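Structure file upload_26.cif; described as mmCIF, C-alpha atoms.
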```cif
data_coords
loop_
_atom_site.label_atom_id
_atom_site.label_comp_id
_atom_site.auth_asym_id
_atom_site.auth_seq_id
_atom_site.Cartn_x
_atom_site.Cartn_y
_atom_site.Cartn_z
CA MET A 1 34.33 114.37 88.49
CA THR A 2 31.05 116.00 89.40
CA GLY A 3 31.71 118.63 86.81
CA VAL A 4 32.03 115.90 84.22
CA LEU A 5 28.89 114.19 85.47
CA ALA A 6 27.00 117.49 85.49
CA GLN A 7 28.12 118.22 81.93
CA ALA A 8 26.98 114.79 80.84
CA ALA A 9 23.63 115.46 82.42
CA GLN A 10 23.39 118.91 80.90
CA GLY A 11 23.64 117.33 77.50
CA ALA A 12 20.28 115.71 78.05
CA PRO A 13 17.42 118.16 77.47
CA GLY A 14 15.29 119.23 80.40
CA GLU A 15 17.76 118.01 83.00
CA VAL A 16 18.62 119.89 86.17
CA VAL A 17 22.27 120.61 86.82
CA GLY A 18 22.43 118.12 89.70
CA SER A 19 22.75 115.05 87.58
CA THR A 20 21.00 111.73 87.66
CA ALA A 21 24.40 110.14 87.14
CA GLU A 22 25.49 111.39 90.57
CA PHE A 23 22.29 110.00 92.07
CA TRP A 24 22.80 106.52 90.71
CA VAL A 25 26.50 106.49 91.55
CA PHE A 26 25.57 107.48 95.10
CA VAL A 27 22.87 104.82 95.41
CA VAL A 28 25.05 101.98 94.16
CA THR A 29 28.08 103.06 96.17
CA ALA A 30 26.08 103.63 99.34
CA VAL A 31 24.53 100.18 99.11
CA VAL A 32 27.95 98.62 98.58
CA ALA A 33 29.46 100.61 101.46
CA LEU A 34 26.69 99.71 103.88
CA TRP A 35 26.64 96.07 102.85
CA THR A 36 30.37 95.63 103.25
CA GLY A 37 30.36 97.65 106.47
CA VAL A 38 27.80 95.34 108.02
CA SER A 39 29.69 92.34 106.65
CA VAL A 40 32.81 93.45 108.53
CA ILE A 41 31.07 93.03 111.85
CA VAL A 42 28.96 90.01 110.91
CA LEU A 43 31.50 87.73 109.24
CA ARG A 44 33.22 85.34 111.64
CA ASN A 45 36.35 84.95 109.57
CA ALA A 46 38.66 87.90 110.22
CA VAL A 47 40.29 87.64 106.79
CA HIS A 48 36.89 87.83 105.10
CA ALA A 49 36.08 90.85 107.24
CA ALA A 50 39.33 92.50 106.15
CA LEU A 51 38.55 91.88 102.48
CA MET A 52 35.08 93.34 102.96
CA LEU A 53 36.71 96.39 104.52
CA VAL A 54 38.85 96.81 101.39
CA ILE A 55 35.71 96.90 99.24
CA ASN A 56 34.25 99.42 101.68
CA PHE A 57 37.31 101.66 101.29
CA PHE A 58 36.98 101.53 97.51
CA ALA A 59 33.31 102.50 97.72
CA ILE A 60 34.13 105.44 99.95
CA ALA A 61 36.88 106.48 97.53
CA VAL A 62 34.26 106.60 94.77
CA LEU A 63 32.14 108.86 96.97
CA TYR A 64 35.13 111.14 97.55
CA ALA A 65 35.57 111.46 93.80
CA VAL A 66 31.89 112.31 93.40
CA LEU A 67 32.26 114.95 96.12
CA GLU A 68 35.04 116.68 94.14
CA ALA A 69 37.87 115.44 96.36
CA GLN A 70 39.89 113.62 93.72
CA PHE A 71 43.17 113.84 95.63
CA LEU A 72 41.68 112.24 98.70
CA ALA A 73 40.00 109.56 96.61
CA VAL A 74 43.39 108.46 95.32
CA VAL A 75 45.00 108.83 98.75
CA GLN A 76 42.22 106.71 100.20
CA ILE A 77 42.95 103.91 97.76
CA ILE A 78 46.73 104.12 98.16
CA VAL A 79 46.93 104.57 101.92
CA TYR A 80 43.88 102.70 103.18
CA ALA A 81 43.22 99.96 100.65
CA GLY A 82 46.90 99.69 99.80
CA ALA A 83 49.01 100.19 102.88
CA ILE A 84 46.79 99.87 105.94
CA MET A 85 44.83 96.84 104.82
CA VAL A 86 47.99 95.07 103.71
CA LEU A 87 49.31 95.67 107.22
CA PHE A 88 46.12 94.24 108.68
CA LEU A 89 46.28 91.16 106.46
CA PHE A 90 49.96 90.72 107.28
CA VAL A 91 49.15 90.62 110.97
CA LEU A 92 46.20 88.30 110.44
CA MET A 93 48.31 85.88 108.41
CA LEU A 94 51.31 86.21 110.71
CA LEU A 95 49.36 85.44 113.85
CA GLY A 96 47.21 82.82 112.15
CA ILE A 97 43.99 84.14 113.65
CA THR A 98 41.17 83.49 111.26
CA SER A 99 38.07 83.14 113.37
CA GLU A 100 37.05 83.92 116.88
CA THR A 101 37.17 80.91 119.11
CA ARG A 102 34.78 81.92 121.82
CA PHE A 103 31.23 83.00 121.18
CA THR A 104 30.03 83.51 124.73
CA GLU A 105 29.63 87.08 125.84
CA ARG A 106 31.12 87.97 129.14
CA VAL A 107 28.52 90.58 129.97
CA ARG A 108 24.98 89.28 129.63
CA GLY A 109 22.95 90.84 126.88
CA GLN A 110 25.90 92.87 125.65
CA ARG A 111 25.18 92.17 122.01
CA THR A 112 21.53 93.19 122.21
CA ALA A 113 22.39 96.30 124.18
CA ALA A 114 25.08 97.24 121.65
CA VAL A 115 22.72 96.88 118.69
CA LEU A 116 19.98 98.84 120.47
CA LEU A 117 22.41 101.62 121.37
CA GLY A 118 23.64 101.65 117.79
CA VAL A 119 20.13 102.02 116.42
CA ALA A 120 19.45 104.83 118.90
CA LEU A 121 22.64 106.62 117.89
CA LEU A 122 21.79 106.20 114.22
CA VAL A 123 18.35 107.70 114.73
CA LEU A 124 19.88 110.57 116.67
CA LEU A 125 22.59 111.30 114.12
CA VAL A 126 20.33 111.04 111.09
CA GLY A 127 17.56 112.99 112.74
CA ALA A 128 19.74 115.79 114.03
CA GLY A 129 22.49 115.94 111.42
CA ALA A 130 20.96 114.82 108.18
CA GLY A 131 17.25 115.38 108.73
CA PRO A 132 17.01 119.02 107.67
CA TYR A 133 19.02 118.41 104.51
CA LEU A 134 17.30 115.37 103.06
CA GLY A 135 14.99 117.36 100.81
CA SER A 136 15.63 118.19 97.18
CA ASP A 137 16.39 121.82 98.03
CA ALA A 138 19.61 120.62 99.64
CA ILE A 139 21.00 119.41 96.33
CA CYS A 140 24.16 121.38 95.94
CA PRO A 141 24.39 122.38 92.27
CA ALA A 142 20.71 123.31 92.24
CA GLN A 143 21.40 125.72 95.08
CA ALA A 144 24.16 127.52 93.26
CA GLY A 145 23.45 131.21 93.41
CA SER A 146 20.62 130.97 95.89
CA GLY A 147 22.84 130.90 98.97
CA ASP A 148 26.49 131.03 99.82
CA LEU A 149 26.71 127.30 100.44
CA CYS A 150 27.75 124.73 97.87
CA VAL A 151 29.35 127.37 95.65
CA GLY A 152 33.03 127.87 95.19
CA LEU A 153 34.56 124.41 95.33
CA GLN A 154 34.72 124.39 91.56
CA ALA A 155 36.59 127.70 91.63
CA ARG A 156 39.04 126.42 94.22
CA ASN A 157 39.61 123.29 92.21
CA ASN A 158 40.38 125.41 89.18
CA ASN A 159 44.04 124.46 89.00
CA GLY A 160 43.23 120.93 90.02
CA ASN A 161 42.25 119.50 93.36
CA VAL A 162 45.83 118.49 94.19
CA ALA A 163 47.10 122.04 93.71
CA GLY A 164 44.31 123.45 95.83
CA VAL A 165 44.81 121.05 98.71
CA GLY A 166 48.58 121.42 98.44
CA ARG A 167 48.47 125.20 98.58
CA LEU A 168 46.25 125.11 101.66
CA LEU A 169 48.44 122.45 103.24
CA PHE A 170 51.66 124.40 102.78
CA THR A 171 50.34 127.84 103.71
CA THR A 172 47.52 127.84 106.25
CA TYR A 173 48.14 124.38 107.66
CA MET A 174 51.94 124.44 107.52
CA TRP A 175 52.49 123.90 111.24
CA PRO A 176 50.05 120.96 111.61
CA PHE A 177 51.66 119.43 108.55
CA GLU A 178 55.11 119.58 110.15
CA VAL A 179 53.75 118.13 113.38
CA THR A 180 52.29 115.32 111.31
CA SER A 181 55.71 114.40 110.01
CA ALA A 182 56.99 114.18 113.58
CA LEU A 183 54.00 112.04 114.46
CA LEU A 184 54.77 109.61 111.64
CA VAL A 185 58.42 109.30 112.68
CA ILE A 186 57.41 108.69 116.29
CA ALA A 187 54.86 106.08 115.20
CA ALA A 188 57.47 104.27 113.12
CA LEU A 189 59.93 104.31 116.02
CA GLY A 190 57.24 103.10 118.39
CA ALA A 191 56.33 100.22 116.12
CA MET A 192 60.00 99.25 115.91
CA VAL A 193 60.39 99.30 119.69
CA LEU A 194 57.16 97.38 120.23
CA GLY A 195 58.01 94.85 117.56
CA LYS A 196 61.40 94.07 119.07
CA ARG A 197 61.63 90.56 120.47
CA HIS A 198 62.40 90.19 124.12
CA ARG A 199 63.40 86.62 124.85
CA ALA A 200 61.12 86.14 127.81
CA ASP A 201 59.89 82.89 129.26
CA GLU A 202 56.25 83.72 128.87
CA ASP A 203 56.68 84.54 125.21
CA VAL A 204 54.29 82.25 123.41
CA THR A 205 55.87 82.42 119.98
CA ASP A 206 59.42 81.99 121.25
CA ARG A 207 59.02 78.45 122.44
CA PRO A 208 61.97 76.08 122.38
CA PRO A 209 62.59 74.43 119.02
CA ASP A 210 61.08 71.06 119.91
CA SER A 211 57.56 72.39 120.22
CA ALA A 212 58.04 74.96 117.47
CA GLY A 213 59.33 72.31 115.09
CA ALA A 214 55.97 70.61 115.10
CA LEU A 215 54.53 73.66 113.43
CA ASP A 216 56.82 73.36 110.43
CA ASP A 217 54.98 70.43 108.89
CA ASP A 218 53.10 71.43 105.81
CA GLU A 219 50.17 69.16 106.50
CA ASP A 220 47.82 69.42 109.42
CA THR A 221 49.37 72.68 110.52
CA ASP A 222 45.99 73.81 111.66
CA VAL A 223 45.56 70.80 113.87
CA GLU A 224 48.99 71.28 115.38
CA ALA A 225 48.41 74.98 115.87
CA ALA A 226 45.09 74.26 117.53
CA GLY A 227 46.83 71.75 119.75
CA VAL A 228 49.50 74.22 120.75
CA ARG A 229 46.90 76.87 121.37
CA GLY A 230 44.76 74.54 123.40
CA GLU A 231 47.77 73.64 125.46
CA LEU A 232 48.45 77.32 126.01
CA VAL A 233 44.89 77.96 127.05
CA ALA A 234 45.09 75.04 129.43
CA ALA A 235 48.39 76.33 130.76
CA GLY A 236 46.90 79.75 131.22
CA ASP A 237 44.25 78.32 133.47
CA ASP A 238 46.54 76.76 136.03
CA ARG A 239 49.27 79.37 135.99
CA PRO A 240 52.38 78.05 134.28
CA PRO A 241 55.63 77.88 136.23
CA GLY A 242 57.61 81.06 136.07
CA ARG A 243 54.64 83.26 136.71
CA GLU A 244 54.24 82.21 140.29
CA GLU A 245 57.76 83.20 141.28
CA ARG A 246 57.03 86.77 140.44
CA PRO A 247 56.40 89.01 143.42
CA MET B 1 15.12 112.24 90.66
CA SER B 2 18.22 114.21 90.09
CA GLY B 3 21.20 115.01 92.21
CA VAL B 4 21.90 113.92 95.73
CA PRO B 5 20.88 116.06 98.71
CA VAL B 6 23.63 116.71 101.22
CA GLY B 7 21.69 114.98 103.96
CA TRP B 8 22.02 111.62 102.25
CA TYR B 9 25.79 111.75 102.43
CA ILE B 10 25.57 112.67 106.10
CA ALA B 11 23.08 109.87 106.70
CA LEU B 12 25.38 107.37 104.99
CA SER B 13 28.26 108.63 107.08
CA ALA B 14 26.18 108.26 110.25
CA ALA B 15 25.17 104.74 109.27
CA LEU B 16 28.78 103.72 108.66
CA PHE B 17 29.85 105.28 111.95
CA THR B 18 27.13 103.37 113.80
CA THR B 19 28.16 100.15 112.09
CA GLY B 20 31.72 100.63 113.26
CA LEU B 21 30.63 101.47 116.77
CA VAL B 22 28.42 98.40 117.06
CA GLY B 23 31.29 96.35 115.68
CA VAL B 24 33.65 97.61 118.38
CA LEU B 25 31.07 96.79 121.04
CA VAL B 26 30.08 93.37 119.69
CA ARG B 27 33.20 91.74 118.33
CA ARG B 28 35.72 90.05 120.61
CA SER B 29 38.74 89.85 118.33
CA VAL B 30 41.03 92.84 118.82
CA VAL B 31 41.96 92.93 115.15
CA VAL B 32 38.35 93.14 114.01
CA MET B 33 37.67 95.82 116.62
CA PHE B 34 40.57 97.73 115.14
CA MET B 35 39.11 97.37 111.67
CA CYS B 36 35.83 98.76 112.98
CA ILE B 37 37.71 101.79 114.29
CA GLU B 38 39.05 102.30 110.79
CA LEU B 39 35.47 102.13 109.54
CA MET B 40 34.46 104.88 111.96
CA LEU B 41 37.39 107.07 110.92
CA ASN B 42 36.38 106.65 107.30
CA SER B 43 32.80 107.64 107.96
CA VAL B 44 34.01 110.80 109.69
CA ASN B 45 36.18 111.54 106.68
CA LEU B 46 33.16 111.18 104.44
CA ALA B 47 31.24 113.70 106.55
CA LEU B 48 34.20 116.11 106.49
CA ILE B 49 34.45 115.96 102.72
CA THR B 50 30.70 116.45 102.38
CA PHE B 51 30.94 119.57 104.54
CA SER B 52 33.91 120.72 102.50
CA ARG B 53 31.72 120.61 99.43
CA VAL B 54 28.81 122.31 101.20
CA HIS B 55 30.96 125.21 102.32
CA GLY B 56 32.77 125.44 99.04
CA ASN B 57 36.31 125.41 100.38
CA LEU B 58 39.04 122.85 100.78
CA ASP B 59 39.62 123.07 104.53
CA GLY B 60 37.53 119.98 105.20
CA GLN B 61 39.59 118.00 102.73
CA VAL B 62 42.81 119.08 104.44
CA LEU B 63 41.44 118.02 107.81
CA SER B 64 40.40 114.71 106.28
CA PHE B 65 43.95 114.30 104.99
CA PHE B 66 45.25 114.76 108.53
CA VAL B 67 42.78 112.17 109.77
CA ILE B 68 44.15 109.70 107.23
CA VAL B 69 47.72 110.40 108.40
CA VAL B 70 46.79 109.93 112.05
CA ALA B 71 44.96 106.71 111.16
CA ALA B 72 48.08 105.39 109.45
CA ALA B 73 50.22 106.15 112.49
CA GLU B 74 47.61 104.63 114.77
CA VAL B 75 47.46 101.43 112.75
CA THR B 76 51.24 101.09 112.86
CA VAL B 77 51.45 101.30 116.64
CA GLY B 78 48.18 99.44 117.26
CA LEU B 79 49.11 96.43 115.20
CA ALA B 80 52.49 96.25 116.93
CA LEU B 81 50.62 96.24 120.23
CA ILE B 82 48.31 93.48 118.97
CA VAL B 83 51.28 91.34 117.93
CA ASN B 84 52.77 91.82 121.40
CA LEU B 85 49.45 90.93 122.99
CA PHE B 86 49.31 87.76 120.93
CA ARG B 87 52.83 86.84 122.04
CA LEU B 88 51.87 87.20 125.67
CA MET B 89 48.37 85.77 125.68
CA GLY B 90 48.28 83.35 122.76
CA SER B 91 45.06 84.86 121.47
CA THR B 92 43.69 88.19 120.34
CA ASP B 93 40.52 87.97 122.35
CA ALA B 94 39.76 91.30 123.97
CA ASP B 95 38.51 89.56 127.10
CA ASP B 96 41.74 87.68 127.75
CA PRO B 97 43.98 90.46 129.06
CA ASP B 98 41.99 91.07 132.24
CA ARG B 99 44.92 91.23 134.64
CA LEU B 100 47.09 94.27 135.12
CA ARG B 101 50.16 92.08 135.48
CA SER B 102 50.70 88.52 134.44
#
```

Let's see the structure in the file written out as structure tokens.
Amino acid sequence: MTGVLAQAAQGAPGEVVGSTAEFWVFVVTAVVALWTGVSVIVLRNAVHAALMLVINFFAIAVLYAVLEAQFLAVVQIIVYAGAIMVLFLFVLMLLGITSETRFTERVRGQRTAAVLLGVALLVLLVGAGAGPYLGSDAICPAQAGSGDLCVGLQARNNNGNVAGVGRLLFTTYMWPFEVTSALLVIAALGAMVLGKRHRADEDVTDRPPDSAGALDDDEDTDVEAAGVRGELVAAGDDRPPGREERP
Amino acid sequence: MSGVPVGWYIALSAALFTTGLVGVLVRRSVVVMFMCIELMLNSVNLALITFSRVHGNLDGQVLSFFVIVVAAAEVTVGLALIVNLFRLMGSTDADDPDRLRS
């Protein structure tokens, strides 16, 4: 992708190899990514936050493509925006949690402290990690030939990014790749075991049919759900029967 | 202005990581905290891919691929745990499960 952008820029006379197209793509995508990232933690509605996160994943996928990682850009869209976010939205819809009910913070001043710590960490990370490389001499294609950095990705992507990553994955990183497959199987098994229903008394969603039937009405489901939840919260306060008998 | 210095990608990655971290600290809903963790993982991936380009080899991209795989596995188990938590507690507030046994 960057090769294409660089070629497009080379067509214009008097242009450096590092293209203006990359600059503008970066600016727009970075603004979108930051905006949606902040929206995720600011928006009260969890579904809105999830949708903002999807936009954020797409923006980051664009950045991957600009950084000559086409395979990962597509994987990002398929796995993150496709699979993981669908899972998140499934859970949000299944549980019916849309917004946080309680706004009070349990630890005083937690929010202010968190934001202050975040700003401090940001200053530290940008100052230490990004500070030396913010100048125009850190533009990669302009540096080609001057040092040994930022050269060679084009050569490794010669047969395509997928072939390059695949060759590395199946030669150098063969053993981690196999371990990964085991990890995925274990995760799937774990999710199955955790998702299994145990018919326990304290199970909130496995209430007897008379109270669950009230939820089946199409209208005022929200009111009913709020009522049930309020009742549960109230029950949680004065320890429902069945919990006291436990040793 | 032409081209993008490497530091800008790293700065964006740092900003996204900080956003996710503040989100984990500030939000009460477990699901949103989980989404913020995904945000942090993504920012780390962005830094890895930037370094992969800087060094001119594909190792960073492979490591980023592994991070994506681990994130997928983590989401599977984590969301199952959240569903179980909701069954027990009736909410997904992170402050609610404050007892070791019910």

Interface rows for chain B against chain A: nearest pair, Å to one decimal, 6 Å, only C-alpha atoms, as a Markdown table:
```
| residue | atom | partner | partner_atom | distance |
| --- | --- | --- | --- | --- |
| B:Ser2 | CA | A:Thr20 | CA | 4.4 |
| B:Gly3 | CA | A:Gly18 | CA | 4.2 |
| B:Val4 | CA | A:Phe23 | CA | 5.4 |
| B:Pro5 | CA | A:Ile139 | CA | 4.1 |
| B:Val6 | CA | A:Ala138 | CA | 5.8 |
| B:Gly7 | CA | A:Ala130 | CA | 4.3 |
| B:Ile10 | CA | A:Ala130 | CA | 5.5 |
| B:Ala11 | CA | A:Val126 | CA | 5.3 |
| B:Thr18 | CA | A:Gly118 | CA | 5.6 |
| B:Val22 | CA | A:Ala114 | CA | 5.8 |
| B:Gly23 | CA | A:Ile41 | CA | 5.1 |
| B:Val26 | CA | A:Arg111 | CA | 5.6 |
| B:Arg53 | CA | A:Cys150 | CA | 5.9 |
| B:Val54 | CA | A:Cys150 | CA | 4.3 |
| B:His55 | CA | A:Leu149 | CA | 5.1 |
| B:Gly56 | CA | A:Leu153 | CA | 4.2 |
| B:Asn57 | CA | A:Leu153 | CA | 5.4 |
| B:Ala73 | CA | A:Ala187 | CA | 5.4 |
| B:Val77 | CA | A:Ala191 | CA | 5.0 |
| B:Ala80 | CA | A:Ala191 | CA | 5.6 |
| B:Arg87 | CA | A:Val204 | CA | 5.0 |
| B:Leu88 | CA | A:Asp203 | CA | 5.5 |
```

Between CA of Val32 in chain A and CA of Gly160 in chain A, what is the spacing in Å? 28.4 Å

So the first atom is CA of Val69 in chain B and the second is CA of Asp93 in chain B; what is the distance between them in Å, to one decimal place? 27.4 Å

So the first atom is CA of Ile37 in chain B and the second is CA of Ile49 in chain B; what is the distance between them in Å, to one decimal place?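 Interatomic distance, CA of Ile37 in chain B to CA of Ile49 in chain B: 18.6 Å.
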